[in-house]
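Asker: Here's a structure for you.
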Amino acid sequence: MLPDQATELFEAHRQRLVRLAYRMLGSQAAAEDVAQEAWLRWRKADHAEIREPGAFLSRIVTRMCLDEMKSAKAKREIYVGEWLPEPLVEIEDDIVDPDDLTMTLMMALERLSPLERAAFLLHDVFGLPLNEIATTLDREAPAVRQLASRARKHVQDARPRFPVSRDEGENIAKAFFAAVNNGDISTLKSMLASNVVVQSDGGGKVLAFINPITGVDRVLRLYRSLHRKLGSDWVRMVRPVWIDGLPGYISHERSGVLQTTAFAIEDGRITNIYVTRNPDKLQHVLELVADQDGMSRRQ
């Protein structure tokens, strides 16, 4: 295979490989690093011996992710506060993520073992056959089937019964922002499920809630307190977006802190609020905001 052909073939698989690595690791930056390392290994490989390039590349990426997850587990054990996946932002009709693994389902995957997670993603999301996954994971096919089955149950339990439409999701996200910013607790109460949970990830870098805030009464007290302390217009919406398949927005606090907020919605009410504030996880968002600002000034 000529070098240009090898490059073209790899690039045809790159987006899928990045998606796989992101779903395994929960970090877009780490996923891109894994894909780049896969490219280096692909470039050195004997292409004449590779019958199925897609399977070969998936195997490389999966195994690198499994190795990375061992060190990630140790880092998570000393992580300050709640850990959320790095937000993968979609803007308008630019759908970055063609599968249906939302932030909520990514959090469900976090409770699985690395092998369960890999088996589920490779089989159910990326459509690889069991025998190929067995080779990748160095397990027998029946064991892989069992791994995927256990993972599937966790994901199904977390999957919403009635997925929200884009229009409804965007309207709820905008209404939530307005209610929080204006201190409209009555409207906010009407939008929240009784068992709503707020999770905030600051990574010890910026102020965030160390533990989840659970239950509508506690969440309302939280936002009432924020409004009393900071007043109206303490946060500015940069723009509405979709984050890992969920409606939400990017915002800037008066203090300068950038964050993303995403909402899981069930039966028209918000059940989960995911707030990512750790600046290490917002580099892609920061670049996106800067690009959009630059485009706006040029227009």
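Within each chain, counting starts at residue 1; across the structure tokens, chains are named A, B, ... in the order shown, with ligands numbered 1 upward in that order.
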Which residues of stretch 139-218 of chain A come within 7 Å of stretch 107-125 of chain A, and what is each one's closest atom pair and distance in Å (one decimal), counting only C-alpha atoms, sorted by chain and residue number, as JSON lines?

Answerer:
```
{"residue": "A:Val144", "atom": "CA", "partner": "A:Ala119", "partner_atom": "CA", "distance": 6.2}
{"residue": "A:Leu147", "atom": "CA", "partner": "A:Glu116", "partner_atom": "CA", "distance": 4.8}
{"residue": "A:Ala148", "atom": "CA", "partner": "A:Phe120", "partner_atom": "CA", "distance": 4.5}
{"residue": "A:Ala151", "atom": "CA", "partner": "A:Glu116", "partner_atom": "CA", "distance": 5.7}
{"residue": "A:Arg152", "atom": "CA", "partner": "A:Phe120", "partner_atom": "CA", "distance": 6.6}
{"residue": "A:His154", "atom": "CA", "partner": "A:Ala108", "partner_atom": "CA", "distance": 6.5}
{"residue": "A:Val155", "atom": "CA", "partner": "A:Ala108", "partner_atom": "CA", "distance": 6.1}
{"residue": "A:Ala158", "atom": "CA", "partner": "A:Ala108", "partner_atom": "CA", "distance": 6.6}
```

Asker: List as JSON, numbers by chain the protein and nucleic acid residues near stretch 264-277 of chain A, meaning an atom at most 9 Å away when only C-alpha atoms are counted, but skip any in the same chain fewer than 6 places from it.

Answerer: {"A": [83, 84, 85, 86, 87, 102, 103, 104, 160, 161, 162, 163, 164, 168, 169, 172, 190, 191, 192, 193, 194, 195, 196, 197, 198, 199, 200, 201, 202, 203, 205, 206, 207, 208, 246, 247, 257, 258]}

Asker: Can you pull out every residue within 9 Å of stretch 34-50 of chain A, counting only C-alpha atoms, but drop anything in the same chain fewer than 2 positions away, and send it as an NGL selection string?

Answerer: :A and (1 or 3 or 6-7 or 10-11 or 14-15 or 17-18 or 21 or 29-32 or 52-53 or 56-57 or 60-61 or 64-65)

Asker: Could you write those residues out with N, CA and C atoms, as a PDB file, in the first residue's frame?

Answerer:
```pdb
ATOM      1  N   MET A   1       0.848  -1.201   0.000  1.00  0.00           N
ATOM      2  CA  MET A   1       0.000   0.000   0.000  1.00  0.00           C
ATOM      3  C   MET A   1       0.882   1.248   0.000  1.00  0.00           C
ATOM      4  N   PRO A   3       2.087   5.142   0.632  1.00  0.00           N
ATOM      5  CA  PRO A   3       1.890   5.996   1.813  1.00  0.00           C
ATOM      6  C   PRO A   3       0.637   6.856   1.735  1.00  0.00           C
ATOM      7  N   ALA A   6      -2.359   4.732   2.465  1.00  0.00           N
ATOM      8  CA  ALA A   6      -2.446   4.398   3.885  1.00  0.00           C
ATOM      9  C   ALA A   6      -2.991   5.574   4.685  1.00  0.00           C
ATOM     10  N   THR A   7      -2.517   6.781   4.344  1.00  0.00           N
ATOM     11  CA  THR A   7      -3.008   7.979   5.037  1.00  0.00           C
ATOM     12  C   THR A   7      -4.493   8.188   4.776  1.00  0.00           C
ATOM     13  N   PHE A  10      -6.570   5.669   6.713  1.00  0.00           N
ATOM     14  CA  PHE A  10      -6.655   5.985   8.139  1.00  0.00           C
ATOM     15  C   PHE A  10      -7.611   7.151   8.379  1.00  0.00           C
ATOM     16  N   GLU A  11      -7.491   8.192   7.567  1.00  0.00           N
ATOM     17  CA  GLU A  11      -8.337   9.370   7.760  1.00  0.00           C
ATOM     18  C   GLU A  11      -9.814   9.034   7.603  1.00  0.00           C
ATOM     19  N   ARG A  14     -10.650   7.933  11.094  1.00  0.00           N
ATOM     20  CA  ARG A  14     -10.225   8.745  12.232  1.00  0.00           C
ATOM     21  C   ARG A  14     -11.401   9.193  13.102  1.00  0.00           C
ATOM     22  N   GLN A  15     -12.452   9.714  12.499  1.00  0.00           N
ATOM     23  CA  GLN A  15     -13.565  10.225  13.306  1.00  0.00           C
ATOM     24  C   GLN A  15     -14.187   9.124  14.161  1.00  0.00           C
ATOM     25  N   LEU A  17     -12.679   6.446  15.235  1.00  0.00           N
ATOM     26  CA  LEU A  17     -11.721   6.083  16.275  1.00  0.00           C
ATOM     27  C   LEU A  17     -11.739   7.096  17.422  1.00  0.00           C
ATOM     28  N   VAL A  18     -11.848   8.375  17.082  1.00  0.00           N
ATOM     29  CA  VAL A  18     -11.934   9.407  18.117  1.00  0.00           C
ATOM     30  C   VAL A  18     -13.213   9.224  18.934  1.00  0.00           C
ATOM     31  N   ALA A  21     -12.716   6.294  21.309  1.00  0.00           N
ATOM     32  CA  ALA A  21     -11.830   6.641  22.420  1.00  0.00           C
ATOM     33  C   ALA A  21     -12.516   7.610  23.390  1.00  0.00           C
ATOM     34  N   ALA A  29      -9.884  15.433  24.488  1.00  0.00           N
ATOM     35  CA  ALA A  29      -8.445  15.649  24.310  1.00  0.00           C
ATOM     36  C   ALA A  29      -7.698  14.317  24.345  1.00  0.00           C
ATOM     37  N   ALA A  30      -8.028  13.465  25.318  1.00  0.00           N
ATOM     38  CA  ALA A  30      -7.386  12.154  25.409  1.00  0.00           C
ATOM     39  C   ALA A  30      -7.733  11.293  24.198  1.00  0.00           C
ATOM     40  N   ALA A  31      -8.969  11.401  23.716  1.00  0.00           N
ATOM     41  CA  ALA A  31      -9.391  10.627  22.550  1.00  0.00           C
ATOM     42  C   ALA A  31      -8.574  11.009  21.319  1.00  0.00           C
ATOM     43  N   GLU A  32      -8.330  12.286  21.143  1.00  0.00           N
ATOM     44  CA  GLU A  32      -7.543  12.731  19.991  1.00  0.00           C
ATOM     45  C   GLU A  32      -6.091  12.283  20.120  1.00  0.00           C
ATOM     46  N   GLU A  52      -8.311  -6.460   7.485  1.00  0.00           N
ATOM     47  CA  GLU A  52      -9.429  -5.570   7.810  1.00  0.00           C
ATOM     48  C   GLU A  52      -8.894  -4.356   8.582  1.00  0.00           C
ATOM     49  N   PRO A  53      -8.569  -3.292   7.871  1.00  0.00           N
ATOM     50  CA  PRO A  53      -7.988  -2.113   8.531  1.00  0.00           C
ATOM     51  C   PRO A  53      -8.870  -1.545   9.641  1.00  0.00           C
ATOM     52  N   PHE A  56      -8.512  -3.677  12.684  1.00  0.00           N
ATOM     53  CA  PHE A  56      -7.162  -3.509  13.206  1.00  0.00           C
ATOM     54  C   PHE A  56      -7.046  -2.208  14.008  1.00  0.00           C
ATOM     55  N   LEU A  57      -7.563  -1.115  13.453  1.00  0.00           N
ATOM     56  CA  LEU A  57      -7.471   0.180  14.115  1.00  0.00           C
ATOM     57  C   LEU A  57      -8.343   0.228  15.370  1.00  0.00           C
ATOM     58  N   ILE A  60      -6.419  -1.513  18.119  1.00  0.00           N
ATOM     59  CA  ILE A  60      -5.354  -0.676  18.661  1.00  0.00           C
ATOM     60  C   ILE A  60      -5.916   0.358  19.635  1.00  0.00           C
ATOM     61  N   VAL A  61      -6.960   1.057  19.204  1.00  0.00           N
ATOM     62  CA  VAL A  61      -7.537   2.131  20.017  1.00  0.00           C
ATOM     63  C   VAL A  61      -8.142   1.571  21.302  1.00  0.00           C
ATOM     64  N   MET A  64      -5.379   0.601  23.744  1.00  0.00           N
ATOM     65  CA  MET A  64      -4.753   1.792  24.330  1.00  0.00           C
ATOM     66  C   MET A  64      -5.671   2.434  25.363  1.00  0.00           C
ATOM     67  N   CYS A  65      -6.966   2.459  25.074  1.00  0.00           N
ATOM     68  CA  CYS A  65      -7.929   3.037  26.024  1.00  0.00           C
ATOM     69  C   CYS A  65      -7.992   2.219  27.310  1.00  0.00           C
TER      70      CYS A  65
END
```

Asker: As a ChimeraX atom specification, please: every residue in stretch 112-253 of chain A that DSSP puts in strand (DSSP E or B).

Answerer: /A:192-201,213-214,235-243,246-253

Asker: I need the alpha helix (DSSP H) residues of stretch 3-199 of chain A per DSSP on the backbone, written as a ChimeraX atom specification.

Answerer: /A:3-25,28-44,53-77,103-110,114-120,130-137,141-158,166-182,185-191

Asker: In terms of the shortest atom-to-atom distance over only C-alpha atoms, which of A:Gly256, A:Pro279, A:Gly215, A:Gly245 is closest to A:Asp100?

Answerer: A:Gly245

Asker: Take atom CA of A:Leu66 and atom CA of A:Ala134 and report the distance between them in Å, one decimal.

Answerer: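 Taking atom CA of A:Leu66 and atom CA of A:Ala134, their separation equals 14.2 Å.
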
Asker: Go through A:Asp233, A:Glu90, A:Glu287, A:Glu132 and flag the residue nearest A:Arg145, using only C-alpha atoms for the distances.

Answerer: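 Using only C-alpha atoms, the shortest distance to A:Arg145 belongs to A:Glu132.
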
Asker: With a distance cut-off of 8 Å and only C-alpha atoms, select the neighbouring residues of A:Arg224, excluding the residue or stretch itself and same-chain residues fewer than 4 positions from it, and output the selection as a CSV table (one decimal) with C-alpha atoms, in the first residue's frame.

Answerer:
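Writing the result to part18.csv gives the following:
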```csv
chain,number,residue,atom,x,y,z
A,183,GLY,CA,-34.3,34.4,40.7
A,185,ILE,CA,-37.9,30.2,41.9
A,220,LEU,CA,-34.3,25.3,44.8
A,228,ARG,CA,-29.5,36.3,46.8
```

Asker: May I ask for the distance between atom CA of A:Glu8 and atom CA of A:Tyr22, given in Å to one decimal place?

Answerer: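 Atom CA of A:Glu8 sits 22.0 Å away from atom CA of A:Tyr22.
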
Asker: Please, what distance in Å, to one decimal, runs between atom CA of A:Ser149 and atom CA of A:Leu130?

Answerer: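 Taking atom CA of A:Ser149 as the start and atom CA of A:Leu130 as the end point, the length is 11.9 Å.
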